[in-house]
Structure formats: structure tokens, C-alpha cells
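protein_6.txt (compact mmCIF, C-alpha atoms)
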# COMPACT_ATOMS: atom_id res chain seq x y z
CA MET A 1 34.59 -43.11 -24.43
CA LYS A 2 34.81 -39.38 -23.84
CA ARG A 3 32.03 -37.44 -25.56
CA SER A 4 33.14 -34.65 -27.84
CA TYR A 5 31.26 -31.38 -28.08
CA HIS A 6 30.99 -29.00 -30.96
CA ILE A 7 29.05 -25.78 -31.32
CA GLU A 8 28.91 -23.78 -34.49
CA VAL A 9 28.17 -20.08 -34.13
CA ILE A 10 26.41 -18.65 -37.17
CA PRO A 11 27.01 -14.91 -37.59
CA CYS A 12 23.93 -12.69 -37.95
CA GLU A 13 23.71 -9.14 -39.16
CA ASN A 14 22.06 -8.15 -35.91
CA SER A 15 24.40 -10.06 -33.61
CA TYR A 16 26.29 -8.07 -31.01
CA PHE A 17 29.70 -8.70 -29.49
CA CYS A 18 31.39 -6.37 -27.08
CA ASN A 19 35.04 -6.80 -26.09
CA ARG A 20 36.51 -4.16 -23.82
CA MET A 21 40.05 -5.11 -24.74
CA LYS A 22 39.36 -3.82 -28.24
CA ARG A 23 38.00 -0.49 -26.98
CA TRP A 24 41.06 0.92 -25.21
CA TYR A 25 41.16 3.81 -27.66
CA LEU A 26 37.84 5.06 -26.25
CA TYR A 27 39.22 5.68 -22.75
CA PRO A 28 39.45 9.47 -23.29
CA PHE A 29 35.70 9.53 -23.96
CA SER A 30 35.12 7.61 -20.75
CA LEU A 31 36.58 10.57 -18.85
CA GLY A 32 33.84 12.79 -20.25
CA TYR A 33 31.21 10.18 -19.43
CA HIS A 34 32.60 9.97 -15.88
CA LEU A 35 32.28 13.75 -15.49
CA VAL A 36 28.64 13.82 -16.67
CA THR A 37 27.45 10.84 -14.60
CA GLY A 38 29.46 12.00 -11.59
CA ILE A 39 27.85 15.46 -11.62
CA ARG A 40 24.40 13.89 -12.01
CA ASN A 41 24.87 11.56 -9.05
CA THR A 42 26.27 14.38 -6.93
CA MET A 43 23.20 16.48 -7.69
CA TYR A 44 20.97 13.67 -6.42
CA ASP A 45 23.17 13.03 -3.37
CA LEU A 46 22.99 16.71 -2.40
CA GLY A 47 19.24 16.88 -2.97
CA ILE A 48 19.53 19.42 -5.80
CA PHE A 49 17.80 16.93 -8.09
CA LYS A 50 14.60 15.55 -6.55
CA SER A 51 14.48 11.89 -5.60
CA THR A 52 11.00 10.66 -4.62
CA LYS A 53 10.68 8.35 -1.63
CA PHE A 54 7.62 6.15 -1.08
CA LYS A 55 5.93 4.89 2.08
CA THR A 56 5.43 1.51 0.42
CA PRO A 57 8.54 -0.72 0.56
CA ILE A 58 10.40 -0.63 -2.76
CA ILE A 59 13.19 -3.05 -3.63
CA CYS A 60 15.36 -2.11 -6.60
CA VAL A 61 17.28 -4.76 -8.54
CA GLY A 62 19.95 -3.19 -10.71
CA ASN A 63 23.60 -3.15 -11.67
CA LEU A 64 26.37 -0.80 -12.70
CA SER A 65 26.99 -2.26 -16.14
CA VAL A 66 25.10 -2.69 -19.39
CA GLY A 67 24.20 -6.19 -20.47
CA GLY A 68 23.04 -9.24 -18.59
CA SER A 69 24.04 -9.69 -14.96
CA GLY A 70 21.15 -11.83 -13.77
CA LYS A 71 18.64 -9.11 -12.90
CA SER A 72 15.61 -10.84 -14.42
CA PRO A 73 15.97 -14.14 -12.50
CA MET A 74 16.48 -12.14 -9.28
CA VAL A 75 13.36 -10.05 -9.90
CA MET A 76 11.48 -13.28 -10.58
CA TYR A 77 12.76 -14.82 -7.35
CA LEU A 78 11.84 -11.80 -5.22
CA ALA A 79 8.36 -11.41 -6.69
CA GLN A 80 7.59 -15.11 -6.30
CA TYR A 81 8.90 -15.19 -2.74
CA LEU A 82 7.24 -11.99 -1.51
CA SER A 83 3.90 -12.77 -3.15
CA LYS A 84 3.43 -15.66 -0.71
CA ASN A 85 2.68 -13.16 2.06
CA TYR A 86 2.32 -9.73 0.47
CA ARG A 87 0.43 -8.05 -2.34
CA THR A 88 3.46 -7.72 -4.65
CA GLY A 89 4.11 -5.81 -7.85
CA VAL A 90 6.94 -5.61 -10.37
CA LEU A 91 7.65 -2.44 -12.34
CA SER A 92 10.03 -2.36 -15.28
CA ARG A 93 10.69 -0.01 -18.15
CA GLY A 94 9.32 -2.45 -20.70
CA TYR A 95 12.47 -2.29 -22.80
CA GLY A 96 12.01 -3.20 -26.47
CA ARG A 97 8.24 -2.67 -26.58
CA LEU A 98 6.56 -0.62 -29.30
CA THR A 99 4.35 1.35 -26.91
CA LYS A 100 4.93 4.09 -24.37
CA GLY A 101 3.41 4.99 -21.05
CA TYR A 102 1.98 2.88 -18.25
CA GLU A 103 0.71 -0.64 -18.94
CA VAL A 104 -0.33 -3.54 -16.71
CA THR A 105 0.35 -6.99 -18.13
CA ASN A 106 -2.70 -9.23 -18.62
CA TYR A 107 -4.00 -12.04 -20.81
CA GLU A 108 -4.39 -9.67 -23.76
CA SER A 109 -0.81 -8.38 -23.55
CA ASN A 110 2.09 -9.35 -25.76
CA TYR A 111 5.79 -8.47 -25.94
CA LYS A 112 5.13 -5.60 -28.35
CA ILE A 113 2.92 -3.90 -25.74
CA VAL A 114 4.80 -4.58 -22.50
CA GLY A 115 8.23 -5.90 -23.55
CA ASP A 116 9.68 -9.41 -23.42
CA GLU A 117 10.73 -9.43 -19.75
CA ALA A 118 7.29 -8.43 -18.45
CA MET A 119 5.68 -10.95 -20.78
CA GLN A 120 8.06 -13.66 -19.63
CA LEU A 121 7.03 -13.05 -16.01
CA PHE A 122 3.34 -13.14 -16.89
CA GLU A 123 3.65 -16.32 -18.97
CA ARG A 124 5.17 -18.13 -16.01
CA PHE A 125 3.24 -16.68 -13.06
CA LYS A 126 0.04 -15.27 -14.62
CA ASN A 127 -1.76 -13.19 -11.96
CA ARG A 128 0.23 -14.33 -8.94
CA PHE A 129 1.61 -10.79 -8.67
CA VAL A 130 1.15 -7.54 -10.56
CA ILE A 131 3.45 -6.84 -13.51
CA ALA A 132 3.51 -3.27 -14.86
CA VAL A 133 5.73 -1.26 -17.20
CA SER A 134 6.47 2.45 -17.40
CA GLU A 135 9.50 4.28 -18.74
CA GLU A 136 8.77 7.03 -16.18
CA ARG A 137 9.44 5.23 -12.92
CA VAL A 138 8.02 7.75 -10.43
CA PRO A 139 4.53 8.16 -11.96
CA GLY A 140 4.54 4.46 -12.85
CA ALA A 141 5.32 3.47 -9.26
CA LYS A 142 2.69 5.84 -7.87
CA LYS A 143 0.02 4.44 -10.17
CA VAL A 144 0.71 0.75 -9.72
CA ILE A 145 1.02 1.05 -5.92
CA SER A 146 -2.22 3.04 -5.67
CA ASP A 147 -4.32 1.23 -8.29
CA MET A 148 -3.26 -2.26 -7.23
CA ASP A 149 -3.05 -1.57 -3.48
CA LEU A 150 0.45 -3.06 -3.25
CA ASP A 151 2.28 -3.98 -0.06
CA VAL A 152 5.68 -4.08 -1.79
CA LEU A 153 7.07 -3.13 -5.22
CA VAL A 154 10.09 -4.65 -6.98
CA LEU A 155 11.82 -2.30 -9.43
CA ASP A 156 13.62 -3.95 -12.33
CA ASP A 157 16.83 -2.32 -13.60
CA ALA A 158 16.37 1.03 -11.88
CA MET A 159 19.66 1.62 -10.07
CA GLN A 160 20.51 4.56 -12.34
CA HIS A 161 16.96 5.99 -12.15
CA ARG A 162 17.78 8.27 -9.26
CA ALA A 163 14.47 10.17 -9.54
CA ILE A 164 12.95 7.38 -7.49
CA LYS A 165 14.47 6.46 -4.14
CA PRO A 166 13.98 2.79 -3.28
CA GLY A 167 14.12 1.69 0.31
CA PHE A 168 16.37 -1.24 -0.54
CA ASN A 169 18.93 -1.79 -3.33
CA ILE A 170 20.20 -5.12 -4.64
CA MET A 171 23.12 -4.67 -7.02
CA MET A 172 23.93 -7.56 -9.34
CA THR A 173 27.41 -8.19 -10.69
CA ASP A 174 28.44 -11.06 -12.97
CA PHE A 175 31.01 -13.47 -11.47
CA ASN A 176 32.76 -13.71 -14.85
CA ASP A 177 32.69 -9.95 -15.48
CA PRO A 178 32.59 -8.19 -12.10
CA TYR A 179 32.15 -4.43 -11.90
CA PHE A 180 35.48 -3.99 -10.06
CA LYS A 181 37.35 -5.14 -13.16
CA ASP A 182 35.28 -3.03 -15.55
CA TYR A 183 35.53 0.55 -16.85
CA LEU A 184 33.12 3.29 -17.77
CA LEU A 185 31.43 3.49 -21.13
CA PRO A 186 32.40 3.61 -23.93
CA ALA A 187 35.76 1.94 -23.16
CA GLY A 188 34.10 -0.47 -20.73
CA ASP A 189 30.54 -1.46 -19.88
CA LEU A 190 29.88 0.54 -16.69
CA ARG A 191 26.93 2.94 -16.78
CA GLU A 192 28.35 4.83 -13.81
CA SER A 193 31.54 4.69 -11.77
CA ARG A 194 32.36 1.85 -9.40
CA ALA A 195 31.53 4.20 -6.52
CA GLY A 196 27.85 3.53 -7.28
CA VAL A 197 28.16 0.31 -5.29
CA LYS A 198 27.88 2.45 -2.15
CA ARG A 199 24.13 2.77 -2.77
CA ALA A 200 23.63 -1.01 -2.58
CA ASP A 201 22.34 -2.78 0.51
CA ILE A 202 23.13 -6.19 -0.98
CA ILE A 203 25.77 -6.96 -3.62
CA MET A 204 24.84 -10.19 -5.37
CA VAL A 205 27.62 -11.90 -7.31
CA SER A 206 25.63 -13.77 -9.96
CA LYS A 207 26.22 -16.63 -12.41
CA CYS A 208 28.78 -18.27 -10.12
CA PRO A 209 30.16 -21.72 -11.00
CA ASP A 210 28.77 -24.66 -9.07
CA GLU A 211 32.15 -25.48 -7.55
CA LEU A 212 32.65 -22.03 -6.00
CA THR A 213 35.15 -22.24 -3.13
CA GLU A 214 35.26 -20.23 0.09
CA GLU A 215 38.65 -18.90 -0.98
CA THR A 216 37.15 -17.48 -4.18
CA LYS A 217 34.26 -15.96 -2.24
CA GLN A 218 36.67 -14.21 0.08
CA TYR A 219 38.61 -12.86 -2.89
CA TYR A 220 35.45 -11.29 -4.35
CA ILE A 221 34.44 -9.87 -0.98
CA SER A 222 37.93 -8.36 -0.57
CA ARG A 223 37.61 -6.67 -3.97
CA ILE A 224 34.07 -5.42 -3.30
CA ARG A 225 35.03 -4.13 0.16
CA PRO A 226 31.50 -3.85 1.58
CA ASP A 227 30.92 -1.44 4.43
CA ARG A 228 29.39 -2.57 7.71
CA THR A 229 25.81 -2.04 6.45
CA GLN A 230 26.27 -4.04 3.24
CA LYS A 231 26.05 -7.78 2.64
CA VAL A 232 27.61 -9.80 -0.18
CA PHE A 233 25.86 -12.92 -1.48
CA PHE A 234 26.63 -15.38 -4.25
CA SER A 235 24.20 -17.00 -6.66
CA SER A 236 24.18 -19.31 -9.65
CA ILE A 237 21.80 -20.18 -12.47
CA GLY A 238 19.64 -23.27 -12.08
CA TYR A 239 18.16 -24.83 -15.21
CA ASP A 240 14.92 -26.79 -15.30
CA GLU A 241 15.18 -30.53 -15.89
CA ASN A 242 12.96 -30.17 -18.97
CA VAL A 243 12.71 -27.98 -22.05
CA TYR A 244 9.18 -26.89 -22.95
CA GLY A 245 7.30 -26.33 -26.19
CA ARG A 246 3.74 -25.32 -26.98
CA GLU A 247 2.30 -28.77 -26.26
CA LYS A 248 5.31 -30.98 -25.53
CA MET A 249 8.33 -31.14 -23.28
CA HIS A 250 11.60 -33.07 -23.40
CA PRO A 251 13.79 -34.11 -20.45
CA ASP A 252 17.18 -32.43 -20.70
CA ASN A 253 18.96 -35.80 -20.89
CA ASN A 254 17.10 -36.52 -24.15
CA LEU A 255 18.65 -33.53 -25.93
CA ASN A 256 21.61 -35.64 -27.01
CA TYR A 257 19.34 -37.38 -29.54
CA TYR A 258 18.68 -34.15 -31.43
CA ASP A 259 20.41 -31.73 -33.72
CA ILE A 260 19.77 -28.40 -31.98
CA LEU A 261 19.46 -24.94 -33.44
CA LEU A 262 20.03 -22.57 -30.52
CA ILE A 263 18.51 -19.09 -30.89
CA THR A 264 19.49 -16.37 -28.42
CA GLY A 265 18.63 -12.68 -28.18
CA ILE A 266 20.10 -12.04 -24.74
CA ALA A 267 23.12 -10.07 -23.58
CA ASN A 268 25.21 -13.05 -22.48
CA PRO A 269 24.32 -16.53 -23.79
CA ALA A 270 27.58 -18.09 -22.49
CA PRO A 271 26.03 -19.76 -19.37
CA LEU A 272 23.29 -21.33 -21.50
CA ILE A 273 25.83 -22.61 -24.03
CA GLN A 274 27.98 -24.06 -21.26
CA HIS A 275 25.01 -25.84 -19.69
CA LEU A 276 23.79 -27.15 -23.05
CA SER A 277 27.23 -28.63 -23.69
CA LYS A 278 26.53 -31.15 -20.91
CA PHE A 279 23.64 -32.65 -22.86
CA SER A 280 24.11 -32.17 -26.58
CA GLN A 281 26.92 -32.83 -29.02
CA ARG A 282 25.41 -31.16 -32.09
CA VAL A 283 24.47 -27.50 -31.76
CA LYS A 284 24.28 -24.57 -34.15
CA HIS A 285 23.92 -21.16 -32.53
CA LEU A 286 22.24 -18.15 -34.08
CA LYS A 287 23.12 -15.20 -31.85
CA PHE A 288 21.13 -11.95 -31.97
CA ARG A 289 21.54 -8.85 -29.84
CA ASP A 290 19.74 -8.40 -26.53
CA HIS A 291 15.96 -7.79 -26.81
CA HIS A 292 16.18 -8.32 -30.56
CA ASN A 293 12.88 -7.75 -32.36
CA PHE A 294 12.75 -10.70 -34.74
CA SER A 295 11.73 -9.90 -38.31
CA GLU A 296 10.36 -12.08 -41.10
CA ASP A 297 13.84 -12.14 -42.63
CA ASP A 298 15.26 -13.40 -39.33
CA ILE A 299 12.67 -16.17 -39.27
CA LYS A 300 13.52 -17.14 -42.84
CA LYS A 301 17.18 -17.45 -41.81
CA ILE A 302 16.22 -19.52 -38.76
CA VAL A 303 14.04 -21.82 -40.86
CA ALA A 304 16.78 -22.22 -43.49
CA GLU A 305 19.30 -23.26 -40.83
CA TYR A 306 16.77 -25.58 -39.21
CA LYS A 307 16.18 -27.41 -42.50
CA LYS A 308 19.91 -28.11 -42.78
CA LEU A 309 19.86 -30.20 -39.61
CA GLY A 310 19.35 -33.96 -39.40
CA GLU A 311 16.17 -36.00 -39.15
CA TYR A 312 15.76 -35.51 -35.39
CA LYS A 313 16.00 -31.82 -34.64
CA LEU A 314 14.52 -28.97 -32.65
CA ILE A 315 14.93 -25.26 -32.04
CA LEU A 316 15.90 -24.27 -28.51
CA THR A 317 15.80 -20.76 -27.08
CA THR A 318 15.59 -18.87 -23.79
CA GLU A 319 12.37 -18.24 -21.92
CA LYS A 320 12.66 -14.53 -22.70
CA ASP A 321 13.20 -15.11 -26.42
CA TYR A 322 10.36 -17.63 -26.52
CA VAL A 323 7.70 -14.98 -25.85
CA ARG A 324 8.83 -13.19 -29.04
CA LEU A 325 9.50 -16.16 -31.29
CA LYS A 326 6.34 -18.16 -30.53
CA SER A 327 4.22 -15.60 -32.41
CA PHE A 328 5.61 -16.91 -35.72
CA ASP A 329 3.37 -19.73 -36.93
CA TYR A 330 6.08 -21.88 -38.50
CA LEU A 331 8.07 -22.10 -35.26
CA ARG A 332 5.25 -22.98 -32.89
CA ASP A 333 5.56 -26.77 -32.99
CA ILE A 334 9.36 -26.98 -33.22
CA LEU A 335 10.32 -24.28 -30.73
CA TYR A 336 11.34 -25.07 -27.13
CA TYR A 337 12.62 -22.96 -24.25
CA TRP A 338 14.71 -23.74 -21.18
CA PRO A 339 13.43 -22.09 -17.96
CA ILE A 340 15.97 -20.87 -15.42
CA ASN A 341 15.90 -19.89 -11.76
CA VAL A 342 18.37 -18.26 -9.43
CA ILE A 343 20.04 -20.40 -6.75
CA ILE A 344 21.21 -18.27 -3.82
CA ASP A 345 23.97 -19.34 -1.49
CA LYS A 346 22.88 -18.74 2.13
CA ARG A 347 19.34 -18.27 0.84
CA GLU A 348 17.71 -18.32 4.28
CA GLU A 349 19.86 -15.39 5.42
CA PHE A 350 19.09 -13.52 2.21
CA ASP A 351 15.34 -14.15 2.55
CA GLN A 352 15.38 -12.98 6.15
CA ILE A 353 17.04 -9.67 5.23
CA ILE A 354 14.39 -9.06 2.57
CA LEU A 355 11.54 -9.96 4.92
CA ASP A 356 12.93 -7.77 7.70
CA TYR A 357 13.05 -4.78 5.37
CA VAL A 358 9.46 -5.27 4.18
CA ARG A 359 8.09 -5.89 7.68
CA LYS A 360 9.81 -2.85 9.18
CA ASN A 361 8.45 -0.62 6.44
Using C-alpha cells, write down the structure that the file contains.
Amino acid sequence: MKRSYHIEVIPCENSYFCNRMKRWYLYPFSLGYHLVTGIRNTMYDLGIFKSTKFKTPIICVGNLSVGGSGKSPMVMYLAQYLSKNYRTGVLSRGYGRLTKGYEVTNYESNYKIVGDEAMQLFERFKNRFVIAVSEERVPGAKKVISDMDLDVLVLDDAMQHRAIKPGFNIMMTDFNDPYFKDYLLPAGDLRESRAGVKRADIIMVSKCPDELTEETKQYYISRIRPDRTQKVFFSSIGYDENVYGREKMHPDNNLNYYDILLITGIANPAPLIQHLSKFSQRVKHLKFRDHHNFSEDDIKKIVAEYKKLGEYKLILTTEKDYVRLKSFDYLRDILYYWPINVIIDKREEFDQIILDYVRKN
């Protein structure tokens, strides 16, 4: 008997949905945005605006568009891989935090101090590598490299921060929403023109389906049109075989026994929803905007929806959202998260390129 699947999306006041097809009327404003960003990039290219270069190897993971394109899992992969042989650090802006300035994540940190992404990294890896935040990338990079005596620094979401000049750029683009089909803000989601891809050393097509064919790969490569110094790789999202709570865990194949309330505060929850559909028939989804700062009213809404579910039920969320939601006492024992990792096609070749860059510098 074929298993049916149903997911109910519950609208929230703070939910966010962006559809470029409905924003065609904003194209004239995109021309102005193109002019401003184009002049800015030209100023950096000509050296009129200063771009600081470091002796320490710096790898930037970024993209051309707003929203999720798989940057965080890639940063996680790089930091974990490089830390096996090098004193490694990660520097991000600390988006969504309530503080400003330079902070190093430690056991006394929380998402309000360093942001959810930095806290997510620390919760998983603890002190395996250094995790710092600073909205000013140049002084932040100088301080973390000097204070922590780093061999290599990974910059999270810094492709448009031209004041710092990384030695190596990895540009992420979503398989389902590639930059070459997108348009500049506000009509589209691009933060700068498609020409920005020229600054990338590696273009990583992320969130690819498992059954990706060579023909499809060649199509994407033909649209990206890399130059002779650039490499194109493809990656997908790999989910853990278990979901984890404060003291318990459940194998993913046991999720079918539960009514699930899915809570997301990420840019694109579609891959998670698609993966969950393989395991559970009964899901309600509360969708909040990316980096949403959950309030007491939000928690009351979550609890109210949770109580409507059947006898066997749980709340499932992302690893990033978990670091924010677990601070609410009522959710601690019923809240679970699903860890993810990036799976890179031709990983050995990718790893070798990264190692060669670090070793040479």
C-alpha cells in the first residue's frame, strides 16, 4: 500500500515568503541597485577603495544572493576538515545577535551574544576550532588571527565584504535557485550582479538531488561558464540517521510513529520538508523568517499547536533553530533537531584544492 503524505503549513505573522515572479514591477529599482553595487565593486577592483590582504590563508564562503544557499554546512565542513592539521578559526558577522563588536564563542556564550550560526558550530564542535564574530571583518580578522595564533581562517558570508581580500573564494549557489537564473534586488534576490562570480575560485552548486546526472551537471557548468582558473563542484545535504533532544534521540525511521510539529526559522526549509516526507505522514509546519528571534508569544503559539497533536508527538526543528528554542523551559524535553552535513561530489579533488591553497600560503 502506497503511503500518503500530508503537511500542513500554519501561517505565522513573522513568516517570510519571497517569490520573484511577483516582483516584476520592481525591475526599474533593480537598475538603480545595479548602478550602486557596480560602482562599489569597480572602486574595489581599481584599488580606489582599500581591500586588506592577509599573510594568513583566508577562505571565504559566500554567495551572490540573499537567503540560504548552503553556506553554513560548507563552513562547518571546511573548519572540521582543516582543523585536523591546522589551527583553524571561523569568523562570521554574528547575524541576529543582540551585541556588537568582537566576540569569541565559549561555554558562557549564547545565541544572543554571538548569533545562532556561531552557537550552532560551538554546540557541535566545542573547542575543536576557534569561532569568533565581528560585524567589522577586517579588525575582527586581525584580532582573531593574532590572538588565537591561527594557521587558517574561514570567513562566513563575506563575499560582498570587499574591504577584506580573502586568498580563496568559494561561491555557493542553490541547485534549485541558481544565480544565473536570478535578478538583482529588489526584483530578484541577487546582492550584486552575476558578474561577481568572476571573483570565485570554486563555484559550489549546493542542495543537489541525490540522482544528479552527468548531463545535468554539464548543463549547470555550461551556464556558469567557469574560466580556466575556476572549478565547479556539486554538493547535496546529508541528514543524520537520528534526531536529537536534550537527553534522548530517535532514529529517523521511528518518526512515522509521531505527530510532528516542524518549526523552522531558516531561509529555505524546502529540503528539510522533502527529507521529512520520507519518514513521516503527519506534519504541521510553523514557518518563521530566517534568524527569527523567538518571543514568548511565538512559544505560546508553538505550544498551542503542539497540544492539538495526537498522543505520540514531538517538536522537530533545525540545528540552527535549536540553539534559540532550547532556552525556553517548556520546550526542552519535547524539542528535537536534525543535524545536517554537506556531501561533496568529487570530495577528494575538492579537499586537495583546499589543502594546496593553505599549504602554499
Considering all atoms listed in the file, return as a PyMOL selection string whatever protein or nucleic-acid residues lie within 10 Å of Leu121 (chain A), sequence-local ones (same chain, fewer than 2 positions apart) excluded.
chain A and resi 72-73+75-76+79-80+90+105+116-119+123-131+319-320
Interface rows for region 245-296 of chain A against region 205-225 of chain A: nearest pair, Å to one decimal, 12 Å, only C-alpha atoms, as CSV:
residue,atom,partner,partner_atom,distance
A:Asn268,CA,A:Lys207,CA,10.7
A:Pro269,CA,A:Lys207,CA,11.5
A:Ala270,CA,A:Lys207,CA,10.3
A:Pro271,CA,A:Lys207,CA,7.6
A:Leu272,CA,A:Lys207,CA,10.6
A:Gln274,CA,A:Pro209,CA,10.7
A:His275,CA,A:Pro209,CA,10.9
May I have the selected residues written with C-alpha atoms, as a short mmCIF file (atom, residue, chain, number, x, y, z; two decimals), in the frame of the given file?
data_model
loop_
_atom_site.label_atom_id
_atom_site.label_comp_id
_atom_site.auth_asym_id
_atom_site.auth_seq_id
_atom_site.Cartn_x
_atom_site.Cartn_y
_atom_site.Cartn_z
CA ASN A 268 25.21 -13.05 -22.48
CA PRO A 269 24.32 -16.53 -23.79
CA ALA A 270 27.58 -18.09 -22.49
CA PRO A 271 26.03 -19.76 -19.37
CA LEU A 272 23.29 -21.33 -21.50
CA GLN A 274 27.98 -24.06 -21.26
CA HIS A 275 25.01 -25.84 -19.69
#
Point out the residue among A:Ser51, A:Ser30, A:Thr264, A:Ser134 with the least atom-to-atom distance to Tyr322 (chain A), counting only C-alpha atoms.
A:Thr264
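Here CA of Ser236 (chain A) and CA of Phe175 (chain A) stand 9.2 Å from one another.
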Could you check how far CA of Arg324 (chain A) sits from CA of Lys287 (chain A), in Å to one decimal?
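Going from CA of Arg324 (chain A) over to CA of Lys287 (chain A) covers 14.7 Å.
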Using all atoms listed in the file, which residues sit within 7 Å of region 163-168 of chain A once same-chain residues fewer than 5 positions away are excluded, as an MDAnalysis selection string?
chainID A and resid 50:53 57:60 137:138 201
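Shortest separation to Val66 (chain A) among A:His250, A:Lys326, A:Arg191, A:His292 occurs at residue A:Arg191, atoms counted being all atoms listed in the file.
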Between CA of Gly94 (chain A) and CA of Lys142 (chain A), measure the distance and give it in Å to one decimal.
16.7 Å
Where is the centre and how long are the edges: axis-aligned box on region 251-254 of chain A, 3 Å on each side, Å to one decimal, as JSON:
{"center_x": 16.4, "center_y": -34.5, "center_z": -22.3, "size_x": 11.2, "size_y": 10.1, "size_z": 9.7}
Write out as a PyMOL selection string each polymer residue whose atoms come within 10 Å of Leu355 (chain A), counting all atoms listed in the file; drop sequence neighbours fewer than 5 positions from it.
chain A and resi 81-82+85+349-350+360-361
Thr42 (chain A) environment, 12 Å, all atoms listed in the file, sequence neighbours closer than 6 positions dropped, as a short mmCIF file (atom, residue, chain, number, x, y, z; two decimals) with C-alpha atoms, keeping the file's coordinate frame:
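Below is the file that was written, part.cif:
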data_model
loop_
_atom_site.label_atom_id
_atom_site.label_comp_id
_atom_site.auth_asym_id
_atom_site.auth_seq_id
_atom_site.Cartn_x
_atom_site.Cartn_y
_atom_site.Cartn_z
CA HIS A 34 32.60 9.97 -15.88
CA LEU A 35 32.28 13.75 -15.49
CA VAL A 36 28.64 13.82 -16.67
CA ILE A 48 19.53 19.42 -5.80
CA PHE A 49 17.80 16.93 -8.09
CA LYS A 50 14.60 15.55 -6.55
CA ARG A 162 17.78 8.27 -9.26
CA GLU A 192 28.35 4.83 -13.81
CA ALA A 195 31.53 4.20 -6.52
CA GLY A 196 27.85 3.53 -7.28
#
